[in-house]
Every structure is written in structure tokens, then in C-alpha cells.
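Engineer: Quick one, run_6.cif (mmCIF, C-alpha atoms and all ligand atoms):
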```cif
data_protein
loop_
_atom_site.label_atom_id
_atom_site.label_comp_id
_atom_site.auth_asym_id
_atom_site.auth_seq_id
_atom_site.Cartn_x
_atom_site.Cartn_y
_atom_site.Cartn_z
CA MET A 1 -126.26 54.07 34.56
CA LYS A 2 -123.12 54.69 32.54
CA ILE A 3 -120.48 57.03 33.90
CA PHE A 4 -118.33 59.02 31.51
CA LEU A 5 -115.38 61.13 32.60
CA ASP A 6 -115.59 64.79 31.51
CA THR A 7 -111.94 65.67 30.91
CA ALA A 8 -109.09 65.72 28.42
CA ASP A 9 -106.49 65.11 31.15
CA LEU A 10 -104.73 61.81 30.44
CA ASN A 11 -103.60 61.29 34.04
CA GLU A 12 -107.15 61.65 35.27
CA ILE A 13 -108.42 59.33 32.54
CA ARG A 14 -105.78 56.68 33.29
CA LYS A 15 -106.54 56.76 37.03
CA ALA A 16 -110.32 56.58 36.56
CA VAL A 17 -110.00 53.78 33.99
CA SER A 18 -107.83 51.81 36.44
CA TRP A 19 -110.69 51.99 38.98
CA GLY A 20 -112.85 50.02 36.53
CA ILE A 21 -115.93 52.25 36.56
CA ILE A 22 -115.58 54.43 33.47
CA ASP A 23 -117.72 53.74 30.39
CA GLY A 24 -116.51 56.61 28.21
CA VAL A 25 -115.08 60.13 28.08
CA THR A 26 -116.39 63.50 26.95
CA THR A 27 -114.16 66.41 26.00
CA ASN A 28 -114.71 69.91 24.66
CA PRO A 29 -112.44 72.72 23.40
CA THR A 30 -112.22 74.25 26.91
CA LEU A 31 -111.06 70.95 28.39
CA PHE A 32 -108.43 70.57 25.62
CA SER A 33 -107.23 74.15 26.26
CA LYS A 34 -106.19 73.08 29.79
CA GLN A 35 -103.76 70.46 28.42
CA LYS A 36 -100.30 71.77 27.47
CA GLY A 37 -97.59 70.26 25.29
CA PHE A 38 -99.73 68.02 23.08
CA SER A 39 -101.07 68.44 19.56
CA PHE A 40 -104.84 67.95 19.37
CA GLU A 41 -104.46 64.79 17.30
CA ASP A 42 -101.82 63.19 19.53
CA LEU A 43 -103.79 63.80 22.70
CA ALA A 44 -107.09 62.73 21.12
CA ARG A 45 -105.50 59.48 19.86
CA GLU A 46 -104.00 58.75 23.26
CA ILE A 47 -107.37 59.28 24.97
CA LEU A 48 -109.11 57.08 22.39
CA ASN A 49 -106.57 54.31 23.00
CA THR A 50 -106.83 54.58 26.77
CA VAL A 51 -110.62 54.36 27.00
CA ASP A 52 -112.59 51.23 26.23
CA GLY A 53 -115.75 53.13 25.30
CA PRO A 54 -117.02 56.18 23.42
CA VAL A 55 -114.92 59.36 23.46
CA SER A 56 -116.59 62.62 22.40
CA LEU A 57 -114.45 65.07 20.40
CA GLU A 58 -116.03 68.40 19.47
CA VAL A 59 -116.18 70.22 16.12
CA VAL A 60 -115.61 73.99 16.04
CA SER A 61 -117.04 74.98 12.62
CA ASP A 62 -120.21 77.06 12.26
CA LEU A 63 -121.70 75.63 9.06
CA ALA A 64 -123.15 72.14 8.67
CA GLU A 65 -121.03 71.39 5.63
CA ASP A 66 -117.81 72.28 7.52
CA MET A 67 -118.92 70.41 10.63
CA VAL A 68 -119.47 67.30 8.52
CA LYS A 69 -115.95 67.59 7.04
CA GLU A 70 -114.44 68.07 10.50
CA ALA A 71 -116.49 65.17 11.85
CA ARG A 72 -115.30 62.81 9.12
CA ASN A 73 -111.69 63.66 9.98
CA LEU A 74 -112.27 63.24 13.72
CA ASN A 75 -113.98 59.93 13.06
CA LYS A 76 -110.79 58.61 11.42
CA LEU A 77 -108.88 58.99 14.70
CA GLY A 78 -110.33 55.81 16.21
CA ASP A 79 -113.16 53.30 16.32
CA ASN A 80 -114.61 54.81 19.49
CA VAL A 81 -114.98 58.41 18.30
CA VAL A 82 -118.24 60.24 18.95
CA VAL A 83 -118.42 63.63 17.26
CA LYS A 84 -119.72 66.38 19.52
CA ILE A 85 -121.85 68.91 17.68
CA PRO A 86 -123.14 72.14 19.25
CA PHE A 87 -126.94 72.43 19.19
CA GLY A 88 -128.42 74.64 16.44
CA LYS A 89 -129.93 74.46 12.96
CA GLU A 90 -126.55 73.95 11.29
CA GLY A 91 -125.59 71.48 14.00
CA LEU A 92 -128.71 69.36 13.52
CA LYS A 93 -128.26 69.41 9.74
CA ALA A 94 -124.79 68.00 10.30
CA VAL A 95 -126.11 65.40 12.77
CA ARG A 96 -128.66 64.16 10.22
CA ALA A 97 -125.96 63.82 7.53
CA LEU A 98 -123.51 62.12 9.90
CA SER A 99 -126.06 59.71 11.29
CA SER A 100 -126.87 58.55 7.75
CA GLU A 101 -123.12 57.85 7.31
CA GLY A 102 -123.07 55.86 10.57
CA ILE A 103 -120.94 58.45 12.41
CA LYS A 104 -121.92 58.73 16.08
CA THR A 105 -122.83 62.17 17.41
CA ASN A 106 -123.28 63.87 20.77
CA VAL A 107 -125.37 67.04 20.54
CA THR A 108 -123.99 69.41 23.13
CA LEU A 109 -125.14 72.67 24.77
CA VAL A 110 -128.71 71.44 25.20
CA PHE A 111 -130.70 73.36 27.81
CA SER A 112 -134.38 72.51 27.18
CA PRO A 113 -136.59 69.48 26.48
CA SER A 114 -137.58 70.97 23.11
CA GLN A 115 -133.91 71.14 22.07
CA ALA A 116 -133.38 67.57 23.29
CA LEU A 117 -136.40 66.40 21.27
CA LEU A 118 -135.08 68.05 18.09
CA ALA A 119 -131.62 66.53 18.56
CA ALA A 120 -133.17 63.07 18.91
CA LYS A 121 -135.30 63.68 15.79
CA ALA A 122 -132.12 64.53 13.87
CA GLY A 123 -130.70 61.10 14.79
CA ALA A 124 -128.19 62.06 17.50
CA THR A 125 -126.57 59.14 19.31
CA TYR A 126 -126.32 61.19 22.52
CA VAL A 127 -127.71 64.48 23.73
CA SER A 128 -125.91 66.37 26.52
CA ILE A 129 -128.08 68.37 28.92
CA PHE A 130 -126.05 70.88 30.96
CA LEU A 131 -127.20 70.85 34.58
CA GLY A 132 -124.64 73.11 36.25
CA ARG A 133 -125.00 75.90 33.70
CA LEU A 134 -128.79 75.79 34.12
CA ASP A 135 -128.38 75.98 37.91
CA ASP A 136 -126.10 78.99 37.41
CA ILE A 137 -128.94 80.98 35.87
CA SER A 138 -131.54 79.75 38.38
CA ASN A 139 -133.29 77.44 35.91
CA GLU A 140 -134.80 74.14 36.98
CA ALA A 141 -132.10 71.85 35.66
CA PHE A 142 -133.73 68.67 36.94
CA LYS A 143 -137.10 69.48 35.45
CA VAL A 144 -135.38 69.91 32.07
CA LEU A 145 -133.58 66.58 32.50
CA ALA A 146 -136.60 64.66 33.85
CA ASP A 147 -138.91 65.98 31.10
CA SER A 148 -136.38 65.04 28.43
CA VAL A 149 -135.99 61.53 29.87
CA GLU A 150 -139.79 61.13 29.87
CA ILE A 151 -140.18 62.38 26.29
CA PHE A 152 -137.51 59.97 25.03
CA ARG A 153 -139.25 57.10 26.86
CA ASN A 154 -142.66 58.04 25.46
CA TYR A 155 -141.40 57.59 21.92
CA ASP A 156 -138.65 54.97 22.43
CA PHE A 157 -135.99 57.26 20.99
CA ARG A 158 -132.70 55.41 20.74
CA THR A 159 -130.78 58.60 21.54
CA GLU A 160 -129.20 58.39 24.99
CA ILE A 161 -129.28 61.30 27.41
CA ILE A 162 -126.08 62.48 29.06
CA ALA A 163 -126.37 64.58 32.23
CA ALA A 164 -123.50 67.05 31.70
CA SER A 165 -122.07 70.14 33.40
CA ILE A 166 -122.07 68.14 36.62
CA ARG A 167 -120.81 70.07 39.64
CA HIS A 168 -121.26 67.70 42.60
CA PRO A 169 -122.18 64.08 43.49
CA MET A 170 -125.85 64.91 44.11
CA HIS A 171 -126.19 65.96 40.46
CA VAL A 172 -125.22 62.38 39.57
CA VAL A 173 -127.55 60.83 42.16
CA GLN A 174 -130.50 62.95 41.04
CA ALA A 175 -129.78 62.14 37.39
CA ALA A 176 -129.69 58.43 38.29
CA LEU A 177 -132.99 58.65 40.21
CA ILE A 178 -134.81 59.84 37.11
CA GLY A 179 -133.22 57.14 34.97
CA THR A 180 -130.79 59.25 32.91
CA ASP A 181 -128.71 56.94 30.69
CA ILE A 182 -125.35 58.54 31.40
CA ALA A 183 -123.68 61.14 33.64
CA THR A 184 -120.45 62.72 32.46
CA VAL A 185 -118.50 63.61 35.55
CA PRO A 186 -115.41 65.78 36.16
CA PHE A 187 -112.58 63.89 37.91
CA ALA A 188 -112.92 65.96 41.12
CA VAL A 189 -116.62 65.04 41.37
CA LEU A 190 -115.87 61.37 40.71
CA GLU A 191 -113.39 61.40 43.60
CA LYS A 192 -116.02 62.99 45.86
CA MET A 193 -118.47 60.20 44.93
CA PHE A 194 -116.15 57.71 46.67
CA LYS A 195 -116.05 59.60 49.91
CA HIS A 196 -118.01 59.07 53.09
CA PRO A 197 -116.60 59.91 56.54
CA LEU A 198 -118.20 56.79 58.06
CA THR A 199 -116.34 54.60 55.54
CA ASP A 200 -113.00 56.15 56.61
CA VAL A 201 -113.83 55.86 60.30
CA GLY A 202 -115.02 52.27 59.76
CA ILE A 203 -111.80 51.22 57.99
CA GLU A 204 -109.66 52.79 60.75
CA ARG A 205 -111.67 50.97 63.40
CA PHE A 206 -111.43 47.57 61.64
CA LYS A 207 -107.65 48.04 61.33
CA LYS A 208 -107.25 48.92 65.03
CA ASP A 209 -109.48 46.05 66.16
CA TRP A 210 -107.59 43.62 63.93
CA GLU A 211 -104.27 44.78 65.43
CA GLN A 212 -105.72 44.25 68.89
CA PHE A 213 -106.85 40.75 67.93
CA LEU A 214 -103.37 39.89 66.59
CA GLN A 215 -101.73 41.21 69.76
CA SER A 216 -104.00 39.18 72.02
CA ALA A 217 -103.56 36.07 69.79
CA LYS A 218 -99.74 36.41 70.28
CA LYS A 219 -100.13 36.52 74.08
CA ASP A 220 -102.28 33.35 74.12
C1 LIG A 301 -120.25 68.15 28.38
O1 LIG A 301 -119.97 67.22 27.65
C2 LIG A 301 -119.35 69.26 28.68
O2 LIG A 301 -118.04 68.87 28.34
C3 LIG A 301 -119.29 69.63 30.13
O3 LIG A 301 -120.08 68.80 30.93
C4 LIG A 301 -119.49 71.09 30.38
O4 LIG A 301 -119.39 71.35 31.76
P1 LIG A 301 -119.16 72.80 32.35
O5 LIG A 301 -120.47 73.52 32.35
O6 LIG A 301 -118.65 72.54 33.74
O7 LIG A 301 -118.13 73.47 31.48
#
```
Please go through the file and, once you have read it, give me the structure as C-alpha cells.

Structural biologist:
Amino acid sequence: MKIFLDTADLNEIRKAVSWGIIDGVTTNPTLFSKQKGFSFEDLAREILNTVDGPVSLEVVSDLAEDMVKEARNLNKLGDNVVVKIPFGKEGLKAVRALSSEGIKTNVTLVFSPSQALLAAKAGATYVSIFLGRLDDISNEAFKVLADSVEIFRNYDFRTEIIAASIRHPMHVVQAALIGTDIATVPFAVLEKMFKHPLTDVGIERFKKDWEQFLQSAKKD
């Protein structure tokens, strides 16, 4: 399973990249709005240079024609750009045009297997299914994800599924259990994935026991 980081925060990206477990990054306009003191292009370029893998940058136009223009410009920012396109009729029109130009796309704001199927039909490189936002309205997020994974397998779609809107480590584990290609994870959730109290207790105990061993070795 690939793990993407869901952030536009360079410090978070640099830290996670240094841990050696990040395969890509996803951003959106909300995540960019949290970063101060950068122009969009400067920050996007810096992220693209920091990550050895796909980086999703989102378009904000409403019409397919405008999305395609925006996407072409975004695509010039680096070799690892993936253009994020909101789901919809105009969005899928843009995805079809961009995929025929070889520009990679990530169809975002997908909340049902039927939407996921249409995005794959349009030639999307990735489709992002939002788990947390489905949970928020008491929908069965994992049924949506599992059904989409099964549909893509049935027809060998090359489109990869990203489990997005991840709120806690169990979202990632459940996505992995059903064979989702990718989970895009906020930094805080990634940090939680490292944690287990028994690991901390175990390390403390090994350190203490080692100290004891060294002390007794000195005496002998
Ligand atoms: C996906 O690519 C989105 O950036 C993200 O996962 C949305 O998450 P949210 O529902 O926490 O805003």
C-alpha cells in the first residue's frame, strides 16, 4: 500500500520524507490556505522538489475548458504533478481531455462507487474517496471504498484508489485490509500510526536492563 501525505506544510513534508515512508503528497485549496507567506507557485514548486513521487495540485475553475487550461499550467511546475479535479460532468470532461494529453489526474470529492466508476471510465489516474466526510454524515464509508475497490478489480481499471479524508490510524488499517492502493494521511495521523504504548515501555525496559548489565559488567 502506498502512503501519501495529505498536507501543504513543508515542514511536515520534509519530516515525513526523512522517515522514508512517503510515496507522494496530496494538497487542496484548504490545505494551501493554512500556509502563510508563500506564493502558490513557490510553495507548489518546493513541495514538488521535496517529494520523490506524485504531488496532487487542485484546479479551482468550474468549466472543463478552464480546468484544462489551469491543469496545463500546473503540469508545467514539475515532472511529478498530478492535477486534482473535483468530481462532476465538467470535471470528467476535463479528465478525459487531460488523460489524452498524458497529464495525470486525481478525481477528488468522490463519495460513491458510481462516481468512482465514472471517474475511472474518464481515464483518471487516481480517484480519491473521502472516508471521514462520509463518516460525518453517518454513511458507510468502508462499504463505499470496498465496493469501489471490487469494481475496479472486476474490470482491471488502471485507475488507483486513494482513501482520503482520513481521520485516524484505523481508517488506514481498514483501507489496507480491503486492498486500497493508497491512503493519503494527515501528518498528525501518520504520527499516531507510529505509536504503541508497549513499544515505549519496551524501549525503556531494554535501556534500563542494558544499563544494569553494563554496571554489573564493570563490577566483574
Ligand atoms: C484529499 O485528497 C483531500 O485533500 C483530503 O483528504 C480531504 O480531507 P478532509 O475531509 O479532512 O478535509

Engineer: Around ligand LIG 301 (chain A), out to 6 Å and counting all atoms listed in the file, which residues are there? I want them as a list in words.

Structural biologist: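 Result of the 6 Å neighbour search around ligand LIG 301 (chain A): Asp6, Thr26, Thr27, Asn28, Gly132, Arg133, Ala164 and Ser165 of chain A.
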
Engineer: I need the residue nearest A:Val127 from this list: A:Thr159, A:Ser100, A:Gln212, A:Asn139. Use all atoms listed in the file for the distance.

Structural biologist: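 Smallest distance to A:Val127 is found for A:Thr159.
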
Engineer: Have a look at A:Leu77, A:Ile85, A:Glu41, A:Lys104 and name the one nearest to A:Val60; count all atoms listed in the file.

Structural biologist: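 Residue with the minimum atom-to-atom distance to A:Val60: A:Ile85.
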
Engineer: Of the residues A:Ala44, A:Lys121, A:Glu101, A:Ile22, which is the one nearest to A:Asp156, using only C-alpha atoms?

Structural biologist: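 Using only C-alpha atoms, the shortest distance to A:Asp156 belongs to A:Lys121.
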
Engineer: Between atom CA of A:Leu63 and atom CA of A:Gly88, what distance in Å does the model show, to one decimal?

Structural biologist: 10.0 Å

Engineer: Counting only C-alpha atoms, find residues at most 6 Å from (-119.3, 68.7, 23.8) (file frame) and give them as JSON, numbers by chain.

Structural biologist: {"A": [28, 58, 84, 108]}

Engineer: Go ahead and compute the interatomic distance for atom CA of A:Arg45 and atom CA of A:Thr180, in Å to one decimal.

Structural biologist: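 Between these atoms lies a distance of 28.5 Å.
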
Engineer: Figure out the distance between atom CA of A:Leu43 and atom CA of A:Gly123, please, to one decimal in Å.

Structural biologist: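 Atom CA of A:Gly123 sits 28.2 Å away from atom CA of A:Leu43.
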
Engineer: Between A:Ala122, A:Ile13, A:Val83, A:Ala217, which is the closest to A:Asp52 once you count all atoms listed in the file?

Structural biologist: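 Nearest to A:Asp52: A:Ile13.
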
Engineer: At a cut-off of 8 Å, using all atoms listed in the file, what residues contact A:Ala141? Leave out same-chain residues fewer than 2 positions from it and give the result as a ChimeraX atom specification.

Structural biologist: /A:130-132,134-135,139,143-145

Engineer: Considering only C-alpha atoms, tabulate each residue of stretch 105-186 of chain A that lies at most 9 Å from stretch 79-82 of chain A along with its nearest interatomic pair and the corresponding distance in Å to one decimal; arrange the rows by chain and ascending residue number and present them as a tab-separated table.

Structural biologist:
```
residue	atom	partner	partner_atom	distance
A:Thr105	CA	A:Val82	CA	5.2
A:Asn106	CA	A:Val82	CA	6.5
A:Thr125	CA	A:Val82	CA	8.4
A:Tyr126	CA	A:Val82	CA	8.9
```

Engineer: Point out the residue among A:Phe157, A:Ile21, A:Gln35, A:Pro113 with the least atom-to-atom distance to A:Glu140, counting all atoms listed in the file.

Structural biologist: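 For A:Glu140, the nearest of the candidates is A:Pro113.
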
Engineer: Which polymer residues, whether protein, DNA or RNA, lie within 9 Å of the coordinate (-116.1, 59.5, 10.0) when you count only C-alpha atoms? List them as a JSON list (two decimals) with C-alpha atoms, in the frame of the given file, using the chain letters and numbers from the file.

Structural biologist:
```
[["chain", "number", "residue", "atom", "x", "y", "z"],
["A", 68, "VAL", "CA", -119.47, 67.30, 8.52],
["A", 69, "LYS", "CA", -115.95, 67.59, 7.04],
["A", 70, "GLU", "CA", -114.44, 68.07, 10.50],
["A", 71, "ALA", "CA", -116.49, 65.17, 11.85],
["A", 72, "ARG", "CA", -115.30, 62.81, 9.12],
["A", 73, "ASN", "CA", -111.69, 63.66, 9.98],
["A", 74, "LEU", "CA", -112.27, 63.24, 13.72],
["A", 75, "ASN", "CA", -113.98, 59.93, 13.06],
["A", 76, "LYS", "CA", -110.79, 58.61, 11.42],
["A", 77, "LEU", "CA", -108.88, 58.99, 14.70],
["A", 81, "VAL", "CA", -114.98, 58.41, 18.30],
["A", 83, "VAL", "CA", -118.42, 63.63, 17.26],
["A", 98, "LEU", "CA", -123.51, 62.12, 9.90],
["A", 101, "GLU", "CA", -123.12, 57.85, 7.31],
["A", 102, "GLY", "CA", -123.07, 55.86, 10.57],
["A", 103, "ILE", "CA", -120.94, 58.45, 12.41],
["A", 104, "LYS", "CA", -121.92, 58.73, 16.08]]
```

Engineer: I'd like to know which of A:Ala120, A:Ala97, A:Val59, A:Met1 is closest to A:Ala176, using only C-alpha atoms.

Structural biologist: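 With only C-alpha atoms as the atom set, the closest residue is A:Met1.
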
Engineer: Taking 2 positions as the minimum chain separation for residues in the same chain, which residues sit within 8 Å of stretch 182-197 of chain A when counting all atoms listed in the file? Answer as a ChimeraX atom specification.

Structural biologist: /A:1-7,12,16,25-26,160-169,172,175,180,199-201

Engineer: What are the centre and the three edge lengths of an axis-aligned box that wraps all atoms of stretch 86-90 of chain A in the file, given that 8 Å is added to every side, written as lines of an AutoDock Vina configuration file and rounded to one decimal in Å?

Structural biologist:
```
center_x = -126.5
center_y = 73.4
center_z = 15.3
size_x = 22.8
size_y = 18.5
size_z = 24.0
```
